[in-house]
Amino acid sequence: MATGQRIDPFFSYNFLVELDSVVRASFQEASGLEATIDPIEYREGGQNTTVRKLPGVTKYSNIVLKRGLTTDSDLYDWHRQTVLGSVDFRRNGSIIVLDRQGSEVARWDFVDAWPTKYQVSDFKSTGNEVAIETLELVHEGIERKLG
C-alpha cells in the first residue's frame with residue numbers, strides 16, 4: 001500500500017517563454033537550461049592520500065529558442081540591436097512550464113541575457129518543412145522556482 005501522494009512529472013511540450021514580461025507561447029523548442037560548477041582541487045597539508053575539492057566558478061549554458069519564422073521580427077530586432085552596439089540590449093526572462101490546465105507549475109528565470117547567435121533554417125524549393133528561426137542567448141544566471 002502506498003502511503004504517499006503520487007507526484008507526476010511535468011510534460012515538456014506545454015511551456016511559455018517570457019522576455020522582459022512579454023509572454024510568447026509560439027516557441028517550438030527551448031533548451032540549454034544547464035549550470036555547471038567547476039571543481040577546484042586543493043591539496044591540504046598532511047592529507048597525502050586525497051585531494052580536497054571545492055566549488056569554483058559556475059558556468060551557464062546558452063539558452064536556445066526555436067520557433068516558426070513569421071512576420072514578427074522582435075527576435076531579429078533584438079539581435080540587430082546587439083550587433084549595432086546598443087547599450088540597452090540585455091533582458092531578463094523565464095521559461096515557464098504549464099500543467100494540462102494551463103497553470104504555471106515551474107519556471108526558470110534567467111538574468112541579463114542577450115543574443116549571441118541568430119539563425120534561420122535553410123530554404124529548399126523541394127522541401128515542405130516550416131522555416132525555423134533560432135535565437136541563442138547568453139545569460140549571467142538561472143534560478144528554478146516552483147509555481
# chains A, B, ... in the order shown; residues from 1 in each chain; ligands from 1
>>> closest_atom_pairs(of="region 1-32 of chain A", to="region 101-111 of chain A", cutoff="9 Å", atoms="only C-alpha atoms", output="tab-separated table")
residue	atom	partner	partner_atom	distance
A:Phe10	CA	A:Val105	CA	8.1
A:Asn14	CA	A:Gly102	CA	7.9
A:Phe15	CA	A:Glu104	CA	8.8
>>> closest_atom_pairs(of="region 48-67 of chain A", to="region 18-24 of chain A", cutoff="12 Å", atoms="only C-alpha atoms", output="tab-separated table")
residue	atom	partner	partner_atom	distance
A:Leu65	CA	A:Arg24	CA	11.0
A:Lys66	CA	A:Arg24	CA	11.6
A:Arg67	CA	A:Arg24	CA	10.2
>>> select_by_dssp(residues="region 2-144 of chain A", states="helix (DSSP H, G or I)", output="number ranges by chain")
A: 74-83
>>> write_last_selection(atoms="C-alpha atoms", output="short mmCIF file (atom, residue, chain, number, x, y, z; two decimals), in the first residue's frame")
data_model
loop_
_atom_site.label_atom_id
_atom_site.label_comp_id
_atom_site.auth_asym_id
_atom_site.auth_seq_id
_atom_site.Cartn_x
_atom_site.Cartn_y
_atom_site.Cartn_z
CA ASP A 74 11.17 41.05 -32.42
CA LEU A 75 13.90 38.43 -32.00
CA TYR A 76 15.80 39.57 -35.08
CA ASP A 77 15.47 43.21 -34.00
CA TRP A 78 16.89 42.36 -30.57
CA HIS A 79 19.84 40.58 -32.21
CA ARG A 80 20.33 43.54 -34.55
CA GLN A 81 20.42 45.95 -31.56
CA THR A 82 23.25 43.89 -30.11
CA VAL A 83 25.13 43.87 -33.44
#
>>> residues_around(residues="region 52-63 of chain A", least_positions_apart="5", cutoff="9 Å", atoms="only C-alpha atoms", output="MDAnalysis selection string")
chainID A and resid 30:44 47 116 135:142
>>> select_by_dssp(residues="chain A", states="strand (DSSP E)", output="count of residues only")
73
>>> residues_around(residues="Pro9 (chain A)", least_positions_apart="3", cutoff="12 Å", atoms="only C-alpha atoms", output="list in words")
Arg6, Ser12, Val97, Leu98, Asp99, Arg100, Val105 and Ala106 of chain A
>>> closest_residue(among="A:Ser86, A:Gln5, A:Thr70, A:Thr49", to="Ile132 (chain A)", atoms="only C-alpha atoms")
A:Thr70
>>> atom_distance(atom1="CA of Tyr118 (chain A)", atom2="CA of Thr71 (chain A)")
15.7 Å
>>> residues_around(residues="Asp122 (chain A)", least_positions_apart="5", cutoff="10 Å", atoms="only C-alpha atoms", output="ChimeraX atom specification")
/A:127,129,131-132
>>> write_last_selection(atoms="N, CA and C atoms", output="tab-separated table (two decimals), in the first residue's frame")
chain	number	residue	atom	x	y	z
A	127	GLY	N	11.53	21.17	-50.47
A	127	GLY	CA	11.10	20.80	-49.12
A	127	GLY	C	9.69	21.26	-48.82
A	129	GLU	N	9.01	21.71	-45.16
A	129	GLU	CA	9.13	21.98	-43.74
A	129	GLU	C	8.85	23.45	-43.44
A	131	ALA	N	9.83	26.96	-41.97
A	131	ALA	CA	11.09	27.68	-41.75
A	131	ALA	C	11.21	27.99	-40.26
A	132	ILE	N	12.39	27.71	-39.69
A	132	ILE	CA	12.61	27.86	-38.25
A	132	ILE	C	13.60	29.00	-38.00
>>> atom_distance(atom1="CA of Leu69 (chain A)", atom2="CA of Asn128 (chain A)")
13.8 Å
